[in-house]
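Visitor: Here you go, this is entry.cif (mmCIF, C-alpha atoms).
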data_data
loop_
_atom_site.label_atom_id
_atom_site.label_comp_id
_atom_site.auth_asym_id
_atom_site.auth_seq_id
_atom_site.Cartn_x
_atom_site.Cartn_y
_atom_site.Cartn_z
CA MET B 238 -11.58 29.04 43.90
CA MET B 239 -10.03 30.57 40.82
CA TRP B 240 -6.37 31.49 41.03
CA MET B 241 -5.44 34.93 39.75
CA TRP B 242 -1.68 34.48 39.93
CA PHE B 243 0.82 31.83 38.88
CA HIS B 244 1.20 29.13 41.50
CA THR B 245 2.69 25.71 42.06
CA SER B 246 0.05 24.50 44.50
CA ILE B 247 -1.95 21.43 43.44
CA ASP B 248 -5.52 22.60 43.82
CA ASP B 249 -7.10 23.40 40.47
CA THR B 250 -10.28 22.91 38.50
CA VAL B 251 -9.56 22.51 34.81
CA LEU B 252 -12.23 23.41 32.21
CA PHE B 253 -15.05 21.43 33.88
CA ASP B 254 -16.20 21.06 37.46
CA PHE B 255 -15.51 17.31 37.40
CA TRP B 256 -11.91 17.88 36.30
CA THR B 257 -10.39 18.73 39.64
CA VAL B 258 -6.75 18.28 40.50
CA LYS B 259 -6.05 17.51 44.14
CA THR B 260 -3.17 15.03 44.03
CA VAL B 261 0.26 14.75 42.41
CA GLY B 262 -0.92 11.81 40.30
CA GLY B 263 -3.92 13.78 39.11
CA MET B 264 -1.67 16.70 38.15
CA ILE B 265 0.64 14.37 36.19
CA HIS B 266 -2.30 12.88 34.29
CA SER B 267 -3.72 16.34 33.62
CA CYS B 268 -0.38 17.63 32.34
CA VAL B 269 -0.06 14.66 29.97
CA LEU B 270 -3.57 15.27 28.64
CA VAL B 271 -2.94 18.98 28.16
CA PHE B 272 0.38 18.19 26.45
CA LEU B 273 -1.47 15.94 23.98
CA MET B 274 -4.01 18.70 23.38
CA GLY B 275 -1.12 20.99 22.42
CA LEU B 276 0.16 18.34 20.01
CA CYS B 277 -3.30 18.04 18.44
CA PHE B 278 -3.50 21.81 18.06
CA GLU B 279 -0.27 21.94 16.05
CA GLY B 280 -1.24 18.77 14.17
CA ILE B 281 -4.46 20.40 12.94
CA LYS B 282 -2.53 23.49 11.84
CA PHE B 283 -0.08 21.26 9.97
CA LEU B 284 -2.93 19.35 8.32
CA ARG B 285 -4.56 22.59 7.18
CA TRP B 286 -1.25 23.71 5.69
CA ARG B 287 -0.86 20.40 3.85
CA VAL B 288 -4.38 20.68 2.42
CA GLU B 289 -3.60 24.20 1.21
CA VAL B 290 -0.31 23.11 -0.35
CA SER B 291 -1.93 20.15 -2.12
CA LYS B 292 -4.52 22.51 -3.59
CA SER B 293 -1.89 24.95 -4.81
CA LEU B 294 -0.06 22.14 -6.65
CA ARG B 295 -3.11 21.25 -8.71
CA PRO B 296 -4.10 23.13 -11.87
CA THR B 297 -6.98 25.32 -10.88
CA THR B 298 -9.34 27.80 -12.43
CA SER B 299 -9.84 29.71 -9.21
CA LYS B 300 -9.38 33.05 -10.98
CA THR B 301 -12.41 32.41 -13.16
CA MET B 302 -14.41 30.43 -10.59
CA ARG B 303 -17.43 32.18 -9.16
CA TYR B 304 -17.41 33.11 -5.47
CA VAL B 305 -20.42 30.86 -4.81
CA ASP B 306 -18.59 27.89 -6.35
CA LYS B 307 -15.51 28.58 -4.24
CA PHE B 308 -17.71 28.84 -1.16
CA ARG B 309 -19.25 25.43 -1.82
CA SER B 310 -16.05 23.69 -2.93
CA LEU B 311 -14.81 20.61 -1.07
CA HIS B 312 -11.50 22.30 -0.28
CA HIS B 313 -13.26 25.24 1.37
CA LEU B 314 -15.50 22.94 3.41
CA ILE B 315 -12.51 20.88 4.64
CA GLN B 316 -10.59 24.00 5.59
CA THR B 317 -13.62 25.39 7.43
CA PHE B 318 -14.10 22.15 9.37
CA LEU B 319 -10.42 21.93 10.35
CA TYR B 320 -10.30 25.61 11.28
CA GLY B 321 -13.34 25.17 13.53
CA ILE B 322 -11.62 22.32 15.40
CA GLN B 323 -8.41 24.36 15.61
CA ILE B 324 -10.27 27.31 17.15
CA VAL B 325 -12.01 25.11 19.72
CA VAL B 326 -8.78 23.40 20.79
CA GLY B 327 -6.97 26.75 20.84
CA TYR B 328 -9.54 28.32 23.18
CA LEU B 329 -9.49 25.26 25.43
CA LEU B 330 -5.72 25.54 25.73
CA MET B 331 -6.08 29.25 26.52
CA LEU B 332 -8.56 28.44 29.31
CA VAL B 333 -6.22 25.78 30.70
CA PHE B 334 -3.43 28.33 30.75
CA MET B 335 -5.73 30.73 32.61
CA THR B 336 -5.77 28.39 35.60
CA PHE B 337 -2.41 30.08 36.34
CA SER B 338 -0.99 26.68 37.32
CA ILE B 339 2.72 26.61 36.53
CA TRP B 340 2.52 22.89 35.68
CA LEU B 341 -0.48 23.12 33.39
CA SER B 342 0.87 26.26 31.72
CA LEU B 343 4.16 24.52 31.00
CA SER B 344 2.23 21.56 29.57
CA VAL B 345 0.32 23.85 27.22
CA THR B 346 3.42 25.59 25.89
CA LEU B 347 5.56 22.45 25.75
CA GLY B 348 2.85 20.54 23.89
CA ALA B 349 2.42 23.29 21.30
CA ALA B 350 6.18 23.80 20.93
CA PHE B 351 6.92 20.10 20.61
CA GLY B 352 4.03 19.74 18.16
CA TYR B 353 5.42 22.55 16.04
CA TYR B 354 8.84 20.87 16.02
CA LEU B 355 7.37 17.40 15.48
CA PHE B 356 5.08 18.19 12.56
CA GLY B 357 7.47 20.64 11.01
CA TYR B 358 10.62 18.52 10.98
CA ILE B 359 10.56 15.09 12.62
CA PHE B 360 7.74 13.82 10.41
CA SER B 361 9.77 14.80 7.37
CA CYS B 362 12.71 12.75 8.62
CA ILE B 363 10.44 9.78 9.36
CA ALA B 364 8.93 10.02 5.89
CA VAL B 365 12.38 10.02 4.26
CA ALA B 366 13.39 6.98 6.35
CA LEU B 367 10.26 5.13 5.24
CA ILE B 368 10.97 6.00 1.60
CA ALA B 369 14.47 4.56 1.97
CA MET B 370 13.00 1.37 3.46
CA VAL B 371 10.64 1.07 0.49
CA HIS B 372 13.63 1.49 -1.84
CA GLU B 373 15.49 -1.41 -0.24
CA SER B 374 12.31 -3.52 -0.16
CA ILE B 375 11.90 -3.09 -3.91
CA ARG B 376 15.50 -4.16 -4.47
CA TYR B 377 14.88 -7.26 -2.40
CA ALA B 378 11.62 -7.99 -4.25
CA ARG B 379 13.45 -7.72 -7.57
CA ALA B 380 16.05 -10.23 -6.40
CA VAL B 381 13.34 -12.67 -5.31
CA ALA B 382 11.45 -12.23 -8.58
CA PHE B 383 14.64 -12.75 -10.58
CA LYS B 384 15.44 -15.95 -8.67
CA HIS B 385 11.90 -17.21 -9.23
CA ALA B 386 12.12 -16.42 -12.94
CA LYS B 387 15.44 -18.25 -13.28
CA GLU B 388 13.93 -21.33 -11.66
CA ASN B 389 10.78 -21.36 -13.77
CA GLN B 390 11.66 -19.77 -17.10
CA PRO B 391 14.22 -20.54 -19.82
CA CYS B 392 17.49 -18.74 -19.38
CA CYS B 393 19.33 -16.74 -21.96
CA ALA B 394 21.92 -17.94 -24.44
CA ALA B 395 24.71 -17.47 -21.93
CA ASP B 396 23.67 -20.78 -20.34
CA ILE B 397 24.49 -24.16 -21.80
CA VAL B 398 22.61 -24.78 -25.02
CA ARG B 399 21.89 -28.48 -25.45
CA GLY B 400 20.69 -30.22 -28.51
CA ASN B 401 17.04 -30.03 -27.50
CA GLY B 402 17.19 -26.26 -27.00
CA ASN B 403 16.32 -26.38 -23.28
CA THR B 404 18.51 -24.12 -21.14
CA THR B 405 17.09 -24.24 -17.66
CA GLY B 406 19.23 -23.83 -14.59
CA ALA B 407 18.84 -27.55 -13.88
CA HIS B 408 21.17 -28.29 -16.83
CA ARG B 409 24.09 -26.43 -15.31
CA PRO B 410 26.94 -28.74 -14.32
CA ALA B 411 27.79 -29.15 -10.67
CA PRO B 412 31.10 -27.63 -9.47
CA GLY B 413 33.95 -30.01 -10.31
CA ALA B 414 31.89 -32.09 -12.76
CA ASP B 415 33.00 -32.92 -16.26
CA PRO B 416 32.28 -30.34 -18.94
CA PRO B 417 28.89 -30.79 -20.62
CA LYS B 418 28.75 -32.78 -23.79
CA TYR B 419 27.39 -30.77 -26.63
CA ASP B 420 25.26 -32.28 -29.31
CA TYR B 421 27.51 -31.83 -32.27
CA GLY B 422 24.80 -33.35 -34.43
CA MET B 423 23.16 -29.91 -34.63
CA ASN B 424 23.93 -28.00 -37.76
CA ASN B 425 24.84 -24.34 -37.69
CA MET B 426 21.29 -23.23 -38.53
CA GLN B 427 19.84 -25.19 -35.61
CA ALA B 428 22.45 -23.80 -33.23
CA LYS B 429 21.81 -20.21 -34.35
CA HIS B 430 18.07 -20.70 -33.99
CA SER B 431 18.50 -22.11 -30.48
CA ILE B 432 20.74 -19.25 -29.39
CA PHE B 433 18.41 -16.60 -30.85
CA HIS B 434 15.37 -18.27 -29.33
CA ASN B 435 16.93 -18.01 -25.86
CA SER B 436 18.56 -14.59 -26.21
CA PRO B 437 17.40 -11.84 -23.85
CA PHE B 438 16.20 -9.77 -26.84
CA SER B 439 13.94 -12.44 -28.31
CA LYS B 440 10.22 -11.77 -28.53
CA LYS B 441 9.60 -14.60 -26.09
CA ASN B 442 11.76 -13.04 -23.36
CA LEU B 443 10.78 -9.43 -24.02
CA LEU B 444 7.08 -10.25 -23.63
CA ASN B 445 7.66 -12.45 -20.61
CA ARG B 446 5.58 -11.45 -17.55
CA TYR B 447 8.63 -11.71 -15.30
CA HIS B 448 10.43 -9.26 -17.57
CA PHE B 449 7.52 -6.79 -17.34
CA LEU B 450 7.50 -7.18 -13.55
CA GLN B 451 11.24 -6.53 -13.30
CA THR B 452 10.91 -3.48 -15.57
CA ALA B 453 8.10 -1.98 -13.48
CA MET B 454 9.93 -2.53 -10.20
CA TYR B 455 13.18 -1.19 -11.64
CA PHE B 456 11.38 1.98 -12.78
CA ILE B 457 9.96 2.54 -9.28
CA GLN B 458 13.36 1.76 -7.72
CA LEU B 459 15.12 4.31 -9.93
CA TYR B 460 12.51 6.99 -9.27
CA ILE B 461 12.78 6.53 -5.50
CA SER B 462 16.57 6.34 -5.71
CA TYR B 463 16.81 9.67 -7.54
CA SER B 464 14.31 11.20 -5.09
CA LEU B 465 16.45 10.11 -2.14
CA MET B 466 19.50 11.53 -3.90
CA MET B 467 17.71 14.89 -4.18
CA VAL B 468 16.90 14.73 -0.47
CA ALA B 469 20.57 14.09 0.31
CA MET B 470 21.48 17.06 -1.91
CA THR B 471 19.69 19.40 0.51
CA TYR B 472 22.92 18.87 2.55
CA ASN B 473 20.81 18.74 5.74
#
Can the structure from this file be put into structure tokens for me?

Guide:
Amino acid sequence: MMWMWFHTSIDDTVLFDFWTVKTVGGMIHSCVLVFLMGLCFEGIKFLRWRVEVSKSLRPTTSKTMRYVDKFRSLHHLIQTFLYGIQIVVGYLLMLVFMTFSIWLSLSVTLGAAFGYYLFGYIFSCIAVALIAMVHESIRYARAVAFKHAKENQPCCAADIVRGNGNTTGAHRPAPGADPPKYDYGMNNMQAKHSIFHNSPFSKKNLLNRYHFLQTAMYFIQLYISYSLMMVAMTYN
């Protein structure tokens, strides 16, 4: 039979003759499935909106583009495909609602409403949280890269400069040990050359691959940091 009024009885056929609901468990499963269909409906609408926004952000010559070219463009084909799926899912949800089952009708509206809320707001919050996690991951990666560079590359002139010009971290004195003995046999020219050779502004250090890596990661870190600051400045 086909109900013509809203009811709470569990005796419905949904969309297809094999989809019959006769038990409480079957109704629960059907409501979950219909709820997910509502989520998909709003998800497709959100995806179409994102595709349209991404197109509007790109420089385009749509004003001078011929109608035939617009009709055959990739953007138009994607929008047509997504709109076709949206229409199909929308009509299926309408037919489910027309069973006049209170439980299935609530599932349709709750799924669409929750999907609208989810794709319109919660996903934005999740995205911002992921961006913040990436920011902290880059900071950690920079610390690891810096430690690795200190263990494998010559340090700057702030470390102990010995007579042979080597200034690795292994030459640092242990806590409580006697002060290092400098090689006073070096003349002033040798000492200046050693200090300049190990300064952070020397050609050797500026062209070091670890220095390039730190610079690239620091650039990304700053960009993400300022972006997160702008998000916080929405005062939401």

Visitor: Convert the output of the PyMOL selection byres ((chain B and resi 333) around 12) on the shown file into explicit residues, formatted as a ChimeraX atom specification.

Guide: /B:239-240,249-253,256,267-268,270-272,274-275,326-332,334-346

Visitor: Those residues you just picked out, can you put them in a file as a short mmCIF file (atom, residue, chain, number, x, y, z; two decimals), in the coordinates of the input with C-alpha atoms?

Guide:
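Dumped everything to part18.cif:
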data_model
loop_
_atom_site.label_atom_id
_atom_site.label_comp_id
_atom_site.auth_asym_id
_atom_site.auth_seq_id
_atom_site.Cartn_x
_atom_site.Cartn_y
_atom_site.Cartn_z
CA MET B 239 -10.03 30.57 40.82
CA TRP B 240 -6.37 31.49 41.03
CA ASP B 249 -7.10 23.40 40.47
CA THR B 250 -10.28 22.91 38.50
CA VAL B 251 -9.56 22.51 34.81
CA LEU B 252 -12.23 23.41 32.21
CA PHE B 253 -15.05 21.43 33.88
CA TRP B 256 -11.91 17.88 36.30
CA SER B 267 -3.72 16.34 33.62
CA CYS B 268 -0.38 17.63 32.34
CA LEU B 270 -3.57 15.27 28.64
CA VAL B 271 -2.94 18.98 28.16
CA PHE B 272 0.38 18.19 26.45
CA MET B 274 -4.01 18.70 23.38
CA GLY B 275 -1.12 20.99 22.42
CA VAL B 326 -8.78 23.40 20.79
CA GLY B 327 -6.97 26.75 20.84
CA TYR B 328 -9.54 28.32 23.18
CA LEU B 329 -9.49 25.26 25.43
CA LEU B 330 -5.72 25.54 25.73
CA MET B 331 -6.08 29.25 26.52
CA LEU B 332 -8.56 28.44 29.31
CA PHE B 334 -3.43 28.33 30.75
CA MET B 335 -5.73 30.73 32.61
CA THR B 336 -5.77 28.39 35.60
CA PHE B 337 -2.41 30.08 36.34
CA SER B 338 -0.99 26.68 37.32
CA ILE B 339 2.72 26.61 36.53
CA TRP B 340 2.52 22.89 35.68
CA LEU B 341 -0.48 23.12 33.39
CA SER B 342 0.87 26.26 31.72
CA LEU B 343 4.16 24.52 31.00
CA SER B 344 2.23 21.56 29.57
CA VAL B 345 0.32 23.85 27.22
CA THR B 346 3.42 25.59 25.89
#

Visitor: Excluding stretch 376-384 of chain B and its own-chain neighbours fewer than 2 positions away, which residues fall within 9 Å of it when counting all atoms listed in the file? Please give them as a PyMOL selection string.

Guide: chain B and resi 371-374+386-389+447-448+450-451+454-455+458

Visitor: Applying 12 Å and all atoms listed in the file, which residues near B:Leu284 remain after dropping the ones on its own chain fewer than 2 positions away? List them as an MDAnalysis selection string.

Guide: chainID B and resid 277:282 286:291 315:316 318:320 322:323 353 356:357

Visitor: Would you save the residues from that selection as a PDB file, in the coordinates of the input, using C-alpha atoms?

Guide:
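Dumped to part.pdb:
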ATOM      1  CA  CYS B 277      -3.300  18.040  18.440  1.00  0.00           C
ATOM      2  CA  PHE B 278      -3.500  21.810  18.060  1.00  0.00           C
ATOM      3  CA  GLU B 279      -0.270  21.940  16.050  1.00  0.00           C
ATOM      4  CA  GLY B 280      -1.240  18.770  14.170  1.00  0.00           C
ATOM      5  CA  ILE B 281      -4.460  20.400  12.940  1.00  0.00           C
ATOM      6  CA  LYS B 282      -2.530  23.490  11.840  1.00  0.00           C
ATOM      7  CA  TRP B 286      -1.250  23.710   5.690  1.00  0.00           C
ATOM      8  CA  ARG B 287      -0.860  20.400   3.850  1.00  0.00           C
ATOM      9  CA  VAL B 288      -4.380  20.680   2.420  1.00  0.00           C
ATOM     10  CA  GLU B 289      -3.600  24.200   1.210  1.00  0.00           C
ATOM     11  CA  VAL B 290      -0.310  23.110  -0.350  1.00  0.00           C
ATOM     12  CA  SER B 291      -1.930  20.150  -2.120  1.00  0.00           C
ATOM     13  CA  ILE B 315     -12.510  20.880   4.640  1.00  0.00           C
ATOM     14  CA  GLN B 316     -10.590  24.000   5.590  1.00  0.00           C
ATOM     15  CA  PHE B 318     -14.100  22.150   9.370  1.00  0.00           C
ATOM     16  CA  LEU B 319     -10.420  21.930  10.350  1.00  0.00           C
ATOM     17  CA  TYR B 320     -10.300  25.610  11.280  1.00  0.00           C
ATOM     18  CA  ILE B 322     -11.620  22.320  15.400  1.00  0.00           C
ATOM     19  CA  GLN B 323      -8.410  24.360  15.610  1.00  0.00           C
ATOM     20  CA  TYR B 353       5.420  22.550  16.040  1.00  0.00           C
ATOM     21  CA  PHE B 356       5.080  18.190  12.560  1.00  0.00           C
ATOM     22  CA  GLY B 357       7.470  20.640  11.010  1.00  0.00           C
TER      23      GLY B 357
END

Visitor: Please compute the atom CA of B:Leu276-atom CA of B:Ala349 distance, one decimal, in Å.

Guide: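 Atom CA of B:Leu276 sits 5.6 Å away from atom CA of B:Ala349.
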